[in-house]
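Undergrad: Got data.cif for you, mmCIF, C-alpha atoms:
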```
data_input
loop_
_atom_site.group_PDB
_atom_site.id
_atom_site.type_symbol
_atom_site.label_atom_id
_atom_site.label_comp_id
_atom_site.auth_asym_id
_atom_site.auth_seq_id
_atom_site.Cartn_x
_atom_site.Cartn_y
_atom_site.Cartn_z
ATOM 1 C CA MET T 1 12.088 4.909 5.604
ATOM 2 C CA THR T 2 9.563 5.995 8.213
ATOM 3 C CA LYS T 3 6.519 8.231 7.894
ATOM 4 C CA SER T 4 8.392 11.240 9.309
ATOM 5 C CA GLU T 5 11.289 10.687 6.872
ATOM 6 C CA LEU T 6 8.781 10.500 4.012
ATOM 7 C CA ILE T 7 7.189 13.765 5.194
ATOM 8 C CA GLU T 8 10.616 15.475 5.281
ATOM 9 C CA LEU T 9 11.474 14.179 1.820
ATOM 10 C CA ILE T 10 8.196 15.452 0.335
ATOM 11 C CA ALA T 11 8.590 18.800 2.134
ATOM 12 C CA SER T 12 12.073 19.209 0.635
ATOM 13 C CA LYS T 13 10.602 18.736 -2.859
ATOM 14 C CA GLN T 14 7.456 20.816 -2.370
ATOM 15 C CA GLN T 15 9.178 23.932 -1.044
ATOM 16 C CA HIS T 16 6.151 26.165 -1.619
ATOM 17 C CA LEU T 17 4.288 24.184 1.072
ATOM 18 C CA ALA T 18 4.924 24.590 4.782
ATOM 19 C CA TYR T 19 6.285 21.492 6.543
ATOM 20 C CA ARG T 20 3.152 21.403 8.711
ATOM 21 C CA ASP T 21 0.945 21.289 5.593
ATOM 22 C CA VAL T 22 2.910 18.374 4.159
ATOM 23 C CA GLU T 23 2.669 16.560 7.477
ATOM 24 C CA LEU T 24 -1.097 17.057 7.594
ATOM 25 C CA ALA T 25 -1.446 16.082 3.942
ATOM 26 C CA VAL T 26 0.421 12.769 4.392
ATOM 27 C CA LYS T 27 -1.691 11.944 7.434
ATOM 28 C CA THR T 28 -4.877 12.869 5.564
ATOM 29 C CA VAL T 29 -3.932 10.648 2.603
ATOM 30 C CA LEU T 30 -3.217 7.662 4.873
ATOM 31 C CA GLU T 31 -6.411 8.241 6.860
ATOM 32 C CA ARG T 32 -8.480 8.463 3.667
ATOM 33 C CA MET T 33 -6.915 5.209 2.410
ATOM 34 C CA SER T 34 -7.515 3.421 5.743
ATOM 35 C CA GLU T 35 -11.083 4.671 5.821
ATOM 36 C CA ALA T 36 -11.716 3.386 2.285
ATOM 37 C CA LEU T 37 -10.503 -0.109 3.194
ATOM 38 C CA ALA T 38 -12.397 -0.072 6.504
ATOM 39 C CA THR T 39 -15.623 0.491 4.551
ATOM 40 C CA GLY T 40 -14.881 -2.186 1.958
ATOM 41 C CA GLU T 41 -13.799 0.196 -0.813
ATOM 42 C CA ARG T 42 -10.870 -0.727 -3.088
ATOM 43 C CA ILE T 43 -7.976 1.660 -3.742
ATOM 44 C CA GLU T 44 -6.494 1.900 -7.242
ATOM 45 C CA ILE T 45 -3.356 3.970 -7.750
ATOM 46 C CA ARG T 46 -2.123 3.704 -11.336
ATOM 47 C CA GLY T 47 1.594 2.935 -11.538
ATOM 48 C CA PHE T 48 1.711 2.066 -7.852
ATOM 49 C CA GLY T 49 -0.777 -0.688 -7.167
ATOM 50 C CA SER T 50 -4.164 -1.564 -5.762
ATOM 51 C CA PHE T 51 -5.395 -2.367 -2.279
ATOM 52 C CA SER T 52 -8.390 -4.592 -1.702
ATOM 53 C CA LEU T 53 -9.830 -6.823 1.001
ATOM 54 C CA HIS T 54 -9.418 -10.575 1.125
ATOM 55 C CA HIS T 55 -11.823 -12.673 3.134
ATOM 56 C CA ARG T 56 -10.620 -15.168 5.734
ATOM 57 C CA PRO T 57 -13.315 -17.761 6.456
ATOM 58 C CA PRO T 58 -14.302 -18.675 10.036
ATOM 59 C CA ARG T 59 -12.115 -21.369 11.578
ATOM 60 C CA ILE T 60 -11.530 -23.272 14.780
ATOM 61 C CA GLY T 61 -8.455 -21.939 16.519
ATOM 62 C CA ARG T 62 -6.833 -23.090 19.725
ATOM 63 C CA ASN T 63 -5.928 -21.358 22.920
ATOM 64 C CA PRO T 64 -2.139 -21.870 22.810
ATOM 65 C CA LYS T 65 -1.948 -22.165 26.620
ATOM 66 C CA THR T 66 -4.717 -24.675 27.292
ATOM 67 C CA GLY T 67 -5.070 -26.291 23.856
ATOM 68 C CA GLU T 68 -8.802 -25.641 24.116
ATOM 69 C CA PRO T 69 -10.576 -25.082 20.752
ATOM 70 C CA VAL T 70 -11.948 -21.565 20.130
ATOM 71 C CA ALA T 71 -14.351 -20.642 17.310
ATOM 72 C CA LEU T 72 -12.860 -17.729 15.355
ATOM 73 C CA PRO T 73 -15.240 -15.685 13.167
ATOM 74 C CA GLY T 74 -14.474 -14.903 9.532
ATOM 75 C CA LYS T 75 -12.758 -11.586 8.846
ATOM 76 C CA TYR T 76 -11.360 -9.361 6.137
ATOM 77 C CA VAL T 77 -7.662 -8.548 5.734
ATOM 78 C CA PRO T 78 -6.079 -5.806 3.582
ATOM 79 C CA HIS T 79 -4.234 -6.984 0.476
ATOM 80 C CA PHE T 80 -1.846 -5.028 -1.785
ATOM 81 C CA LYS T 81 -1.087 -5.908 -5.393
ATOM 82 C CA PRO T 82 1.859 -3.895 -6.780
ATOM 83 C CA GLY T 83 1.265 -2.201 -10.137
ATOM 84 C CA LYS T 84 3.375 -2.793 -13.238
ATOM 85 C CA LEU T 85 5.547 0.339 -12.914
ATOM 86 C CA LEU T 86 6.315 -0.363 -9.241
ATOM 87 C CA ARG T 87 7.124 -4.026 -9.986
ATOM 88 C CA GLU T 88 9.461 -3.052 -12.809
ATOM 89 C CA ARG T 89 11.255 -0.289 -10.934
ATOM 90 C CA VAL T 90 11.766 -2.416 -7.818
ATOM 91 C CA ASN T 91 13.124 -5.316 -9.824
ATOM 92 C CA ASP T 92 15.336 -3.118 -12.011
ATOM 93 C CA GLY T 93 16.668 -1.415 -8.874
ATOM 94 C CA ARG T 94 17.993 -4.789 -7.702
ATOM 95 C CA ALA T 95 20.940 -4.692 -10.090
ATOM 96 C CA ASP T 96 22.184 -1.229 -8.988
ATOM 97 C CA MET O 1 -16.161 2.792 -7.117
ATOM 98 C CA ALA O 2 -12.516 2.536 -6.126
ATOM 99 C CA LEU O 3 -10.562 5.290 -4.378
ATOM 100 C CA THR O 4 -8.131 6.968 -6.825
ATOM 101 C CA LYS O 5 -5.419 9.644 -6.772
ATOM 102 C CA ALA O 6 -8.045 12.173 -7.877
ATOM 103 C CA ASP O 7 -10.172 11.337 -4.799
ATOM 104 C CA LEU O 8 -7.146 11.718 -2.514
ATOM 105 C CA ALA O 9 -6.293 15.103 -4.071
ATOM 106 C CA GLU O 10 -9.917 16.146 -3.616
ATOM 107 C CA SER O 11 -9.678 15.314 0.127
ATOM 108 C CA LEU O 12 -6.592 17.534 0.484
ATOM 109 C CA TYR O 13 -8.369 20.351 -1.330
ATOM 110 C CA GLU O 14 -11.497 20.023 0.798
ATOM 111 C CA GLU O 15 -10.015 19.192 4.183
ATOM 112 C CA LEU O 16 -6.756 21.143 4.206
ATOM 113 C CA GLY O 17 -7.540 23.947 1.798
ATOM 114 C CA LEU O 18 -4.516 23.270 -0.440
ATOM 115 C CA ASN O 19 -5.280 24.451 -3.973
ATOM 116 C CA LYS O 20 -6.126 21.869 -6.623
ATOM 117 C CA ARG O 21 -2.703 21.910 -8.266
ATOM 118 C CA GLU O 22 -0.878 21.586 -4.920
ATOM 119 C CA SER O 23 -3.182 18.752 -3.865
ATOM 120 C CA LYS O 24 -2.583 16.841 -7.075
ATOM 121 C CA GLU O 25 1.201 17.358 -6.889
ATOM 122 C CA LEU O 26 1.325 16.266 -3.291
ATOM 123 C CA VAL O 27 -0.515 13.000 -3.940
ATOM 124 C CA GLU O 28 1.742 12.340 -6.941
ATOM 125 C CA CYS O 29 4.856 13.098 -4.875
ATOM 126 C CA PHE O 30 3.664 10.854 -1.999
ATOM 127 C CA PHE O 31 3.462 7.742 -4.196
ATOM 128 C CA GLU O 32 6.574 8.640 -6.188
ATOM 129 C CA GLU O 33 8.738 8.943 -3.064
ATOM 130 C CA ILE O 34 7.515 5.562 -1.799
ATOM 131 C CA ARG O 35 8.252 3.988 -5.203
ATOM 132 C CA SER O 36 11.654 5.645 -5.306
ATOM 133 C CA ALA O 37 12.642 4.352 -1.840
ATOM 134 C CA LEU O 38 11.549 0.824 -2.785
ATOM 135 C CA GLU O 39 13.455 1.087 -6.061
ATOM 136 C CA ASP O 40 16.565 1.975 -4.036
ATOM 137 C CA GLY O 41 16.027 -1.155 -1.944
ATOM 138 C CA VAL O 42 14.684 0.737 1.082
ATOM 139 C CA ALA O 43 11.576 -0.614 2.855
ATOM 140 C CA VAL O 44 8.895 1.935 3.786
ATOM 141 C CA LYS O 45 7.211 1.837 7.204
ATOM 142 C CA LEU O 46 4.074 3.930 7.624
ATOM 143 C CA SER O 47 2.997 3.511 11.226
ATOM 144 C CA GLY O 48 -0.737 2.965 11.664
ATOM 145 C CA PHE O 49 -1.070 1.921 8.011
ATOM 146 C CA GLY O 50 1.510 -0.718 7.165
ATOM 147 C CA ASN O 51 4.965 -1.611 5.869
ATOM 148 C CA PHE O 52 6.096 -2.022 2.273
ATOM 149 C CA ASP O 53 8.859 -4.626 2.455
ATOM 150 C CA LEU O 54 11.154 -6.072 -0.199
ATOM 151 C CA ARG O 55 11.859 -9.745 -0.825
ATOM 152 C CA ASP O 56 14.480 -11.227 -3.082
ATOM 153 C CA LYS O 57 13.214 -14.367 -4.813
ATOM 154 C CA ASN O 58 15.476 -17.015 -6.285
ATOM 155 C CA GLU O 59 14.939 -18.420 -9.752
ATOM 156 C CA ARG O 60 12.369 -21.234 -9.712
ATOM 157 C CA PRO O 61 10.867 -23.581 -12.276
ATOM 158 C CA GLY O 62 7.623 -22.408 -13.857
ATOM 159 C CA ARG O 63 5.344 -23.431 -16.659
ATOM 160 C CA ASN O 64 3.516 -21.620 -19.425
ATOM 161 C CA PRO O 65 -0.101 -22.312 -18.429
ATOM 162 C CA LYS O 66 -1.240 -22.252 -22.076
ATOM 163 C CA THR O 67 1.332 -24.537 -23.670
ATOM 164 C CA GLY O 68 2.476 -26.491 -20.602
ATOM 165 C CA GLU O 69 6.035 -25.713 -21.642
ATOM 166 C CA GLU O 70 8.542 -25.522 -18.771
ATOM 167 C CA ILE O 71 10.257 -22.148 -18.427
ATOM 168 C CA PRO O 72 12.325 -20.889 -15.498
ATOM 169 C CA ILE O 73 10.930 -17.890 -13.540
ATOM 170 C CA SER O 74 13.919 -15.590 -13.175
ATOM 171 C CA ALA O 75 15.260 -14.340 -9.838
ATOM 172 C CA ARG O 76 13.549 -11.086 -8.900
ATOM 173 C CA ARG O 77 12.877 -8.551 -6.174
ATOM 174 C CA VAL O 78 9.252 -8.029 -5.176
ATOM 175 C CA VAL O 79 7.300 -5.671 -2.906
ATOM 176 C CA THR O 80 5.084 -7.065 -0.175
ATOM 177 C CA PHE O 81 2.688 -5.087 1.994
ATOM 178 C CA ARG O 82 2.196 -5.960 5.655
ATOM 179 C CA PRO O 83 -0.762 -4.057 7.084
ATOM 180 C CA GLY O 84 -0.188 -2.510 10.509
ATOM 181 C CA GLN O 85 -2.177 -3.533 13.587
ATOM 182 C CA LYS O 86 -4.317 -0.397 13.477
ATOM 183 C CA LEU O 87 -5.370 -0.942 9.852
ATOM 184 C CA LYS O 88 -5.950 -4.681 10.423
ATOM 185 C CA THR O 89 -8.222 -3.941 13.367
ATOM 186 C CA ARG O 90 -10.209 -1.379 11.379
ATOM 187 C CA VAL O 91 -10.667 -3.711 8.415
ATOM 188 C CA GLU O 92 -11.413 -6.836 10.463
ATOM 189 C CA GLY O 93 -14.720 -5.442 11.607
ATOM 190 C CA TYR O 94 -15.927 -4.837 8.063
ATOM 191 C CA ALA O 95 -18.986 -7.017 7.568
ATOM 192 C CA GLY O 96 -20.547 -5.864 4.320
ATOM 193 C CA ASN O 97 -20.005 -6.892 0.754
ATOM 194 C CA VAL O 98 -16.688 -6.211 -0.929
ATOM 195 C CA GLU O 99 -17.197 -4.457 -4.232
#
```
Could I get this file's structure written as structure tokens?

TA:
Amino acid sequence: MTKSELIELIASKQQHLAYRDVELAVKTVLERMSEALATGERIEIRGFGSFSLHHRPPRIGRNPKTGEPVALPGKYVPHFKPGKLLRERVNDGRAD
Amino acid sequence: MALTKADLAESLYEELGLNKRESKELVECFFEEIRSALEDGVAVKLSGFGNFDLRDKNERPGRNPKTGEEIPISARRVVTFRPGQKLKTRVEGYAGNVE
């Protein structure tokens, strides 16, 4: 399912809202979530899961073409931990 | 402080002018439809943010960490999140302290 399919699905269930409003709302939610992570803030959605940052320490990488070592700085990467309800529903859905 | 559903609803109220009830319902519906797709075995791809993928795991041997007793970990389906390039790039530059 893509973002536009998700927007259509939500619009079909929230009929009092114009499609354009749903589209803007989904984009606003995703932007707000990205912004939180980009500023080091965690996201906690009960029943869905939490997003946080994991640190990757600096390391020596290699230029794959020349084999030359390159110093790579440490960085943060987004991490998602599914919540209990999501874990259960996904696993229970397996049987159907 | 972590970002919650209430904060997301507040953004919709402030930035888009949806009323408070609509904002709350929309945020609820957003996460429910993602959960529902994943429950139906459908991966969710949100461009610019990331993909929620599904993986089927086989049964594997495990151990109760308290008693040391061996117990099999049953076969299961799990959700994994792969951040998109845009989100990775935005987060990479974060230099401060993680709360």

Undergrad: If the PyMOL selection byres ((chain T) within 6 of (chain O)) were run on this exact file, what residues would it hold? Put them as a PyMOL selection string.

TA: chain T and resi 1-3+38+40-45+75-76+80+89-91+93

Undergrad: May I have the protein, DNA and RNA residues with an atom at most 7 Å from (-13.0, -17.7, 7.4), counting all atoms listed in the file in the file's coordinates, returned as number ranges by chain?

TA: T: 55-59, 73-75

Undergrad: Quick one: distance from CA of His54 in chain T to CA of Arg63 in chain O in Å, one decimal?

TA: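 Result for CA of His54 in chain T versus CA of Arg63 in chain O: 26.4 Å, one decimal.
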
Undergrad: Neighbouring residues of Ile71 in chain O were defined as those with any atom within 10 Å, considering all atoms listed in the file; residues of the same chain fewer than 5 positions away were excluded. Please report them as a ChimeraX atom specification.

TA: /O:60-64

Undergrad: For range 85-92 of chain T, I'd like the enclosing box, axis-aligned and padded by 4 Å on every side, reported as AutoDock Vina command-line options with centre and edge lengths in Å to one decimal.

TA:
```
--center_x 10.4 --center_y -2.5 --center_z -10.4 --size_x 17.8 --size_y 13.7 --size_z 13.1
```

Undergrad: If you measure from CA of Gln14 in chain T to CA of Glu10 in chain O, what distance in Å do you get, rounded to one decimal?

TA: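 Straight-line distance from CA of Gln14 in chain T to CA of Glu10 in chain O works out to 18.0 Å.
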
Undergrad: For range 80-94 of chain O, where the input has fewer atoms than it should, I would like N, CA, C and O atoms rebuilt and written as a tab-separated table (two decimals), in the coordinates of the input.

TA:
```tsv
chain	number	residue	atom	x	y	z
O	80	THR	N	6.22	-6.49	-0.90
O	80	THR	CA	5.08	-7.06	-0.18
O	80	THR	C	4.57	-6.00	0.79
O	80	THR	O	5.33	-5.17	1.26
O	81	PHE	N	3.28	-6.04	1.06
O	81	PHE	CA	2.69	-5.09	1.99
O	81	PHE	C	2.22	-5.84	3.22
O	81	PHE	O	1.50	-6.83	3.12
O	82	ARG	N	2.67	-5.39	4.39
O	82	ARG	CA	2.20	-5.96	5.66
O	82	ARG	C	1.39	-4.90	6.37
O	82	ARG	O	1.96	-3.92	6.86
O	83	PRO	N	0.06	-5.06	6.42
O	83	PRO	CA	-0.76	-4.06	7.08
O	83	PRO	C	-0.40	-3.95	8.55
O	83	PRO	O	-0.04	-4.95	9.19
O	84	GLY	N	-0.46	-2.73	9.09
O	84	GLY	CA	-0.19	-2.51	10.51
O	84	GLY	C	-1.37	-2.95	11.36
O	84	GLY	O	-2.47	-3.16	10.85
O	85	GLN	N	-1.13	-3.05	12.67
O	85	GLN	CA	-2.18	-3.53	13.59
O	85	GLN	C	-3.42	-2.65	13.54
O	85	GLN	O	-4.55	-3.15	13.52
O	86	LYS	N	-3.20	-1.33	13.46
O	86	LYS	CA	-4.32	-0.40	13.48
O	86	LYS	C	-5.21	-0.59	12.25
O	86	LYS	O	-6.44	-0.65	12.37
O	87	LEU	N	-4.59	-0.73	11.08
O	87	LEU	CA	-5.37	-0.94	9.85
O	87	LEU	C	-6.07	-2.29	9.89
O	87	LEU	O	-7.24	-2.43	9.52
O	88	LYS	N	-5.35	-3.34	10.35
O	88	LYS	CA	-5.95	-4.68	10.42
O	88	LYS	C	-7.20	-4.67	11.30
O	88	LYS	O	-8.22	-5.24	10.95
O	89	THR	N	-7.09	-4.00	12.45
O	89	THR	CA	-8.22	-3.94	13.37
O	89	THR	C	-9.40	-3.21	12.74
O	89	THR	O	-10.55	-3.65	12.86
O	90	ARG	N	-9.11	-2.13	12.01
O	90	ARG	CA	-10.21	-1.38	11.38
O	90	ARG	C	-10.91	-2.18	10.29
O	90	ARG	O	-12.12	-2.10	10.12
O	91	VAL	N	-10.13	-2.95	9.54
O	91	VAL	CA	-10.67	-3.71	8.41
O	91	VAL	C	-11.39	-4.98	8.87
O	91	VAL	O	-12.39	-5.38	8.29
O	92	GLU	N	-10.86	-5.59	9.94
O	92	GLU	CA	-11.41	-6.84	10.46
O	92	GLU	C	-12.92	-6.76	10.71
O	92	GLU	O	-13.66	-7.69	10.46
O	93	GLY	N	-13.33	-5.61	11.23
O	93	GLY	CA	-14.72	-5.44	11.61
O	93	GLY	C	-15.65	-5.24	10.43
O	93	GLY	O	-16.86	-5.23	10.61
O	94	TYR	N	-15.09	-5.09	9.22
O	94	TYR	CA	-15.93	-4.84	8.06
O	94	TYR	C	-16.77	-6.06	7.76
O	94	TYR	O	-16.28	-7.17	7.61
```
